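What follows is the content of final-v7.cif (mmCIF, C-alpha atoms).
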```cif
data_query
loop_
_atom_site.group_PDB
_atom_site.id
_atom_site.type_symbol
_atom_site.label_atom_id
_atom_site.label_comp_id
_atom_site.auth_asym_id
_atom_site.auth_seq_id
_atom_site.Cartn_x
_atom_site.Cartn_y
_atom_site.Cartn_z
ATOM 1 C CA MET A 201 -50.127 -1.378 -13.878
ATOM 2 C CA ASP A 202 -51.426 2.109 -13.178
ATOM 3 C CA LEU A 203 -48.441 4.362 -12.320
ATOM 4 C CA SER A 204 -50.634 6.981 -10.730
ATOM 5 C CA SER A 205 -51.879 4.642 -7.996
ATOM 6 C CA PRO A 206 -49.996 4.944 -4.704
ATOM 7 C CA ILE A 207 -47.575 2.191 -3.688
ATOM 8 C CA PRO A 208 -48.731 0.405 -0.537
ATOM 9 C CA THR A 209 -46.958 1.793 2.530
ATOM 10 C CA GLU A 210 -45.942 -1.666 3.768
ATOM 11 C CA ASN A 211 -44.222 -2.480 0.457
ATOM 12 C CA MET A 212 -42.381 0.844 0.430
ATOM 13 C CA GLU A 213 -41.319 0.464 4.060
ATOM 14 C CA SER A 214 -39.945 -3.024 3.450
ATOM 15 C CA ARG A 215 -38.058 -1.826 0.352
ATOM 16 C CA LEU A 216 -36.655 1.104 2.311
ATOM 17 C CA ALA A 217 -35.615 -1.190 5.161
ATOM 18 C CA GLY A 218 -33.908 -3.504 2.655
ATOM 19 C CA LEU A 219 -32.020 -0.622 1.065
ATOM 20 C CA GLU A 220 -30.959 0.692 4.467
ATOM 21 C CA SER A 221 -29.692 -2.770 5.393
ATOM 22 C CA LYS A 222 -27.696 -3.045 2.159
ATOM 23 C CA LEU A 223 -26.257 0.434 2.679
ATOM 24 C CA ALA A 224 -25.181 -0.415 6.224
ATOM 25 C CA SER A 225 -23.570 -3.630 4.978
ATOM 26 C CA GLN A 226 -21.671 -1.773 2.258
ATOM 27 C CA GLU A 227 -20.534 0.875 4.737
ATOM 28 C CA ALA A 228 -19.186 -1.875 7.007
ATOM 29 C CA LYS A 229 -17.289 -3.433 4.089
ATOM 30 C CA ASN A 230 -15.862 -0.059 3.104
ATOM 31 C CA GLU A 231 -14.744 0.502 6.691
ATOM 32 C CA GLN A 232 -12.983 -2.895 6.700
ATOM 33 C CA VAL A 233 -11.144 -2.092 3.482
ATOM 34 C CA LEU A 234 -10.149 1.308 4.816
ATOM 35 C CA ASP A 235 -8.886 -0.272 8.040
ATOM 36 C CA ALA A 236 -6.908 -2.823 6.025
ATOM 37 C CA LEU A 237 -5.340 -0.094 3.898
ATOM 38 C CA ASN A 238 -4.449 1.981 6.950
ATOM 39 C CA THR A 239 -2.891 -1.057 8.631
ATOM 40 C CA THR A 240 -0.864 -1.800 5.518
ATOM 41 C CA LEU A 241 0.319 1.793 5.276
ATOM 42 C CA ARG A 242 1.373 1.759 8.933
ATOM 43 C CA LEU A 243 3.238 -1.526 8.424
ATOM 44 C CA LEU A 244 4.914 -0.189 5.318
ATOM 45 C CA ALA A 245 5.977 2.995 7.103
ATOM 46 C CA THR A 246 7.310 0.995 10.069
ATOM 47 C CA MET A 247 9.191 -1.411 7.802
ATOM 48 C CA THR A 248 10.702 1.438 5.833
ATOM 49 C CA GLN A 249 11.695 3.290 8.997
ATOM 50 C CA ASN A 250 13.181 0.121 10.529
ATOM 51 C CA GLN A 251 15.148 -0.577 7.374
ATOM 52 C CA GLN A 252 16.537 2.950 7.303
ATOM 53 C CA THR A 253 17.650 2.837 10.932
ATOM 54 C CA ALA A 254 18.977 -0.731 10.689
ATOM 55 C CA LEU A 255 21.167 -0.127 7.647
ATOM 56 C CA PRO A 256 24.598 1.242 8.531
ATOM 57 C CA GLN A 257 25.676 4.207 6.487
ATOM 58 C CA ALA A 258 28.214 2.982 3.974
ATOM 59 C CA GLN A 259 31.418 4.961 4.016
ATOM 60 C CA PRO A 260 33.222 5.176 0.666
ATOM 61 C CA ALA A 261 36.659 3.628 0.586
ATOM 62 C CA PRO A 262 39.318 6.323 0.660
ATOM 63 C CA THR A 263 40.910 5.016 -2.537
ATOM 64 C CA SER A 264 37.697 4.787 -4.530
ATOM 65 C CA VAL A 265 37.013 7.155 -7.385
ATOM 66 C CA PRO A 266 33.732 9.091 -6.947
ATOM 67 C CA ARG A 267 31.088 8.072 -9.466
ATOM 68 C CA ALA A 268 28.800 10.554 -11.101
ATOM 69 C CA LYS A 269 25.209 10.079 -10.012
ATOM 70 C CA LEU A 270 22.800 9.574 -12.873
ATOM 71 C CA ASP A 271 19.501 11.377 -12.577
ATOM 72 C CA LEU A 272 17.258 8.976 -14.494
ATOM 73 C CA LYS A 273 13.703 10.073 -15.195
ATOM 74 C CA SER A 274 11.948 6.743 -15.393
ATOM 75 C CA SER A 275 8.205 6.362 -15.436
ATOM 76 C CA PRO A 276 6.377 4.275 -12.863
ATOM 77 C CA PRO A 277 4.161 1.496 -14.184
ATOM 78 C CA PRO A 278 0.712 2.403 -15.493
ATOM 79 C CA ASN A 279 -2.305 1.844 -13.271
ATOM 80 C CA PHE A 280 -3.359 -1.768 -13.689
ATOM 81 C CA ASP A 281 -6.981 -2.886 -13.897
ATOM 82 C CA GLY A 282 -6.503 -6.643 -14.167
ATOM 83 C CA ASP A 283 -6.602 -6.953 -17.975
ATOM 84 C CA ARG A 284 -4.687 -10.189 -18.671
ATOM 85 C CA HIS A 285 -3.278 -8.763 -21.906
ATOM 86 C CA ARG A 286 -1.523 -6.004 -19.958
ATOM 87 C CA GLY A 287 -0.365 -8.074 -16.967
ATOM 88 C CA LYS A 288 3.035 -8.938 -18.406
ATOM 89 C CA GLY A 289 3.702 -5.305 -19.326
ATOM 90 C CA PHE A 290 2.781 -4.195 -15.802
ATOM 91 C CA ILE A 291 5.209 -6.640 -14.147
ATOM 92 C CA ILE A 292 7.999 -5.727 -16.580
ATOM 93 C CA ALA A 293 7.434 -2.008 -15.907
ATOM 94 C CA CYS A 294 7.627 -2.633 -12.143
ATOM 95 C CA GLN A 295 10.847 -4.643 -12.451
ATOM 96 C CA ALA A 296 12.438 -2.020 -14.691
ATOM 97 C CA TYR A 297 11.581 0.666 -12.152
ATOM 98 C CA PHE A 298 13.113 -1.435 -9.334
ATOM 99 C CA ARG A 299 16.347 -1.781 -11.298
ATOM 100 C CA LEU A 300 16.562 1.927 -12.016
ATOM 101 C CA HIS A 301 15.743 2.950 -8.428
ATOM 102 C CA PRO A 302 17.204 0.249 -6.165
ATOM 103 C CA ASP A 303 17.715 2.735 -3.317
ATOM 104 C CA GLN A 304 13.937 3.251 -3.079
ATOM 105 C CA PHE A 305 13.246 -0.447 -2.454
ATOM 106 C CA PRO A 306 15.206 -1.631 0.575
ATOM 107 C CA ASP A 307 13.372 -4.965 0.770
ATOM 108 C CA GLU A 308 11.008 -7.309 -1.052
ATOM 109 C CA GLN A 309 7.896 -6.238 0.875
ATOM 110 C CA THR A 310 8.410 -2.617 -0.152
ATOM 111 C CA LYS A 311 8.470 -3.692 -3.809
ATOM 112 C CA ILE A 312 5.255 -5.669 -3.363
ATOM 113 C CA GLN A 313 3.385 -2.908 -1.549
ATOM 114 C CA TRP A 314 4.562 -0.308 -4.065
ATOM 115 C CA ALA A 315 3.403 -2.425 -7.026
ATOM 116 C CA MET A 316 0.034 -3.034 -5.360
ATOM 117 C CA THR A 317 -0.563 0.728 -5.120
ATOM 118 C CA TYR A 318 -0.804 0.731 -8.928
ATOM 119 C CA MET A 319 -3.374 -2.074 -8.861
ATOM 120 C CA ASN A 320 -6.189 0.377 -8.237
ATOM 121 C CA GLN A 321 -8.869 -0.471 -10.771
ATOM 122 C CA GLY A 322 -11.123 -3.365 -11.776
ATOM 123 C CA GLN A 323 -10.162 -6.943 -10.956
ATOM 124 C CA ALA A 324 -6.657 -5.928 -9.894
ATOM 125 C CA GLN A 325 -8.094 -3.638 -7.222
ATOM 126 C CA LYS A 326 -10.360 -6.422 -5.956
ATOM 127 C CA TRP A 327 -7.381 -8.792 -5.796
ATOM 128 C CA ALA A 328 -5.253 -6.240 -3.925
ATOM 129 C CA ASN A 329 -8.118 -5.513 -1.517
ATOM 130 C CA ARG A 330 -8.358 -9.237 -0.703
ATOM 131 C CA ILE A 331 -4.634 -9.233 0.115
ATOM 132 C CA TYR A 332 -4.964 -6.133 2.321
ATOM 133 C CA HIS A 333 -7.978 -7.665 4.049
ATOM 134 C CA TRP A 334 -6.048 -10.901 4.731
ATOM 135 C CA GLU A 335 -3.116 -8.963 6.180
ATOM 136 C CA ALA A 336 -5.474 -6.950 8.404
ATOM 137 C CA ILE A 337 -6.942 -10.030 10.087
ATOM 138 C CA PRO A 338 -5.563 -10.115 13.660
ATOM 139 C CA ALA A 339 -4.391 -13.723 13.270
ATOM 140 C CA ASN A 340 -2.210 -12.624 10.318
ATOM 141 C CA ALA A 341 -0.870 -9.431 11.928
ATOM 142 C CA GLY A 342 2.794 -8.949 11.135
ATOM 143 C CA SER A 343 2.786 -11.726 8.528
ATOM 144 C CA PRO A 344 3.096 -10.572 4.943
ATOM 145 C CA HIS A 345 0.829 -12.357 2.480
ATOM 146 C CA PHE A 346 3.700 -12.882 0.021
ATOM 147 C CA VAL A 347 7.077 -14.300 1.043
ATOM 148 C CA ASP A 348 9.005 -12.142 -1.434
ATOM 149 C CA TRP A 349 8.787 -10.503 -4.868
ATOM 150 C CA ASP A 350 9.118 -13.862 -6.650
ATOM 151 C CA ASP A 351 6.124 -15.209 -4.697
ATOM 152 C CA PHE A 352 4.084 -12.086 -5.562
ATOM 153 C CA ARG A 353 5.154 -12.281 -9.212
ATOM 154 C CA SER A 354 4.244 -15.977 -9.417
ATOM 155 C CA ARG A 355 0.757 -15.429 -7.997
ATOM 156 C CA PHE A 356 0.311 -12.330 -10.154
ATOM 157 C CA LEU A 357 1.256 -14.376 -13.207
ATOM 158 C CA THR A 358 -1.393 -16.981 -12.361
ATOM 159 C CA GLU A 359 -4.046 -14.316 -11.832
ATOM 160 C CA PHE A 360 -3.263 -11.725 -14.518
ATOM 161 C CA PHE A 361 -1.239 -13.236 -17.360
ATOM 162 C CA PRO A 362 -3.071 -14.518 -20.454
ATOM 163 C CA LEU A 363 -4.515 -17.988 -20.083
ATOM 164 C CA HIS A 364 -2.854 -20.577 -22.298
ATOM 165 C CA SER A 365 -0.319 -18.057 -23.629
ATOM 166 C CA ASP A 366 1.979 -20.885 -24.795
ATOM 167 C CA ALA A 367 -0.776 -22.376 -26.973
ATOM 168 C CA VAL A 368 -1.655 -18.960 -28.404
ATOM 169 C CA ALA A 369 1.999 -18.304 -29.273
ATOM 170 C CA THR A 370 2.382 -21.723 -30.898
ATOM 171 C CA ASN A 371 -0.809 -21.313 -32.915
ATOM 172 C CA THR A 372 0.299 -17.873 -34.042
ATOM 173 C CA LEU A 373 3.568 -19.319 -35.305
ATOM 174 C CA LEU A 374 1.886 -22.264 -37.007
ATOM 175 C CA LEU A 375 -0.995 -20.453 -38.709
ATOM 176 C CA PRO A 376 -0.316 -19.868 -42.413
ATOM 177 C CA ARG A 377 -0.004 -16.265 -43.450
ATOM 178 C CA SER A 378 -2.726 -14.791 -45.608
ATOM 179 C CA SER A 379 -1.788 -13.649 -49.087
ATOM 180 C CA ASN A 380 -2.387 -10.018 -48.037
ATOM 181 C CA SER A 381 0.429 -10.042 -45.476
ATOM 182 C CA ARG A 382 3.196 -10.953 -47.974
#
```
Rewrite the structure of this file - the entire thing - as structure tokens.
Amino acid sequence: MDLSSPIPTENMESRLAGLESKLASQEAKNEQVLDALNTTLRLLATMTQNQQTALPQAQPAPTSVPRAKLDLKSSPPPNFDGDRHRGKGFIIACQAYFRLHPDQFPDEQTKIQWAMTYMNQGQAQKWANRIYHWEAIPANAGSPHFVDWDDFRSRFLTEFFPLHSDAVATNTLLLPRSSNSR
């Protein structure tokens, strides 16, 4: 093929039209994801605000001894990209953070939404985007995708924990050691 010869105008116009169509389609998808994220953020803000106004302020008992408040400096979980070998560590890091900061998580949905903010790369991001998209559908408005943290954790386990981890662990235990490892 001679590179110096001009490309036929019709071929170029059809390629350009195809690219413009794909770009418009991608822009529409991006807009849907953005709308879903904005809806989720609004729901999260409303839920948090409702929880704060609904909870009565606990008054300490007059005979109780004041406890010193610990100022723990715990790290949030790392960003998660969907790597099955790091799924268990991600969930454990989230649960540890919940235990150390219970006042920041007034309900199960707050825990779920918070954990999903760290699922911002690779397959994990795609999975989270599907959840946000589902929640943004008008028929699902006001209905969380997950019932509670245990439901989220169970589905996360299915999606992001190593496949056949029991068999891998058993095989690791049963394999004879090489002479170099003694």
Just the residues within 9 Å of Tyr297 of chain A, please, counting all atoms listed in the file, with nothing from its chain fewer than 3 positions along; format it as a PyMOL selection string. chain A and resi 274-277+292-294+300-302
Matched chain/residue IDs from the PyMOL selection byres ((chain A and resi 315) around 12), as JSON, numbers by chain: {"A": [276, 277, 278, 279, 280, 290, 291, 292, 293, 294, 295, 296, 297, 298, 305, 308, 309, 310, 311, 312, 313, 314, 316, 317, 318, 319, 320, 324, 325, 328, 349, 352, 353, 356]}
Include C-alpha atoms and write out the residues we just selected as a PDB file, keeping the file's coordinate frame.
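See out12.pdb below for the written result:
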```
ATOM      1  CA  PRO A 276       6.377   4.275 -12.863  1.00  0.00           C
ATOM      2  CA  PRO A 277       4.161   1.496 -14.184  1.00  0.00           C
ATOM      3  CA  PRO A 278       0.712   2.403 -15.493  1.00  0.00           C
ATOM      4  CA  ASN A 279      -2.305   1.844 -13.271  1.00  0.00           C
ATOM      5  CA  PHE A 280      -3.359  -1.768 -13.689  1.00  0.00           C
ATOM      6  CA  PHE A 290       2.781  -4.195 -15.802  1.00  0.00           C
ATOM      7  CA  ILE A 291       5.209  -6.640 -14.147  1.00  0.00           C
ATOM      8  CA  ILE A 292       7.999  -5.727 -16.580  1.00  0.00           C
ATOM      9  CA  ALA A 293       7.434  -2.008 -15.907  1.00  0.00           C
ATOM     10  CA  CYS A 294       7.627  -2.633 -12.143  1.00  0.00           C
ATOM     11  CA  GLN A 295      10.847  -4.643 -12.451  1.00  0.00           C
ATOM     12  CA  ALA A 296      12.438  -2.020 -14.691  1.00  0.00           C
ATOM     13  CA  TYR A 297      11.581   0.666 -12.152  1.00  0.00           C
ATOM     14  CA  PHE A 298      13.113  -1.435  -9.334  1.00  0.00           C
ATOM     15  CA  PHE A 305      13.246  -0.447  -2.454  1.00  0.00           C
ATOM     16  CA  GLU A 308      11.008  -7.309  -1.052  1.00  0.00           C
ATOM     17  CA  GLN A 309       7.896  -6.238   0.875  1.00  0.00           C
ATOM     18  CA  THR A 310       8.410  -2.617  -0.152  1.00  0.00           C
ATOM     19  CA  LYS A 311       8.470  -3.692  -3.809  1.00  0.00           C
ATOM     20  CA  ILE A 312       5.255  -5.669  -3.363  1.00  0.00           C
ATOM     21  CA  GLN A 313       3.385  -2.908  -1.549  1.00  0.00           C
ATOM     22  CA  TRP A 314       4.562  -0.308  -4.065  1.00  0.00           C
ATOM     23  CA  MET A 316       0.034  -3.034  -5.360  1.00  0.00           C
ATOM     24  CA  THR A 317      -0.563   0.728  -5.120  1.00  0.00           C
ATOM     25  CA  TYR A 318      -0.804   0.731  -8.928  1.00  0.00           C
ATOM     26  CA  MET A 319      -3.374  -2.074  -8.861  1.00  0.00           C
ATOM     27  CA  ASN A 320      -6.189   0.377  -8.237  1.00  0.00           C
ATOM     28  CA  ALA A 324      -6.657  -5.928  -9.894  1.00  0.00           C
ATOM     29  CA  GLN A 325      -8.094  -3.638  -7.222  1.00  0.00           C
ATOM     30  CA  ALA A 328      -5.253  -6.240  -3.925  1.00  0.00           C
ATOM     31  CA  TRP A 349       8.787 -10.503  -4.868  1.00  0.00           C
ATOM     32  CA  PHE A 352       4.084 -12.086  -5.562  1.00  0.00           C
ATOM     33  CA  ARG A 353       5.154 -12.281  -9.212  1.00  0.00           C
ATOM     34  CA  PHE A 356       0.311 -12.330 -10.154  1.00  0.00           C
TER      35      PHE A 356
END
```
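Note that atom CA of Phe360 of chain A and atom CA of Gln232 of chain A are 25.0 Å apart.
Compared by their closest atoms to His345 of chain A, and using all atoms listed in the file, the residues A:Leu357, A:Met212, A:Ile331, A:Leu219 rank with A:Ile331 nearest.
Coordinates place atom CA of Pro306 of chain A at a distance of 26.8 Å from atom CA of Arg286 of chain A.
Of note, atom CA of Ala336 of chain A and atom CA of Gly287 of chain A are spaced 25.9 Å apart.
Distances from A:Glu210, A:Asp281, A:Glu335, A:Asp303 to Val233 of chain A were compared using all atoms listed in the file, and the smallest one belongs to A:Glu335.
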If we draw a sphere of 10 Å around (1.6, -5.1, 11.2), which residues have at least one atom in it when counting all atoms listed in the file? Please report them as a VMD selection string. chain A and resid 239 to 244 246 to 247 335 to 338 340 to 344
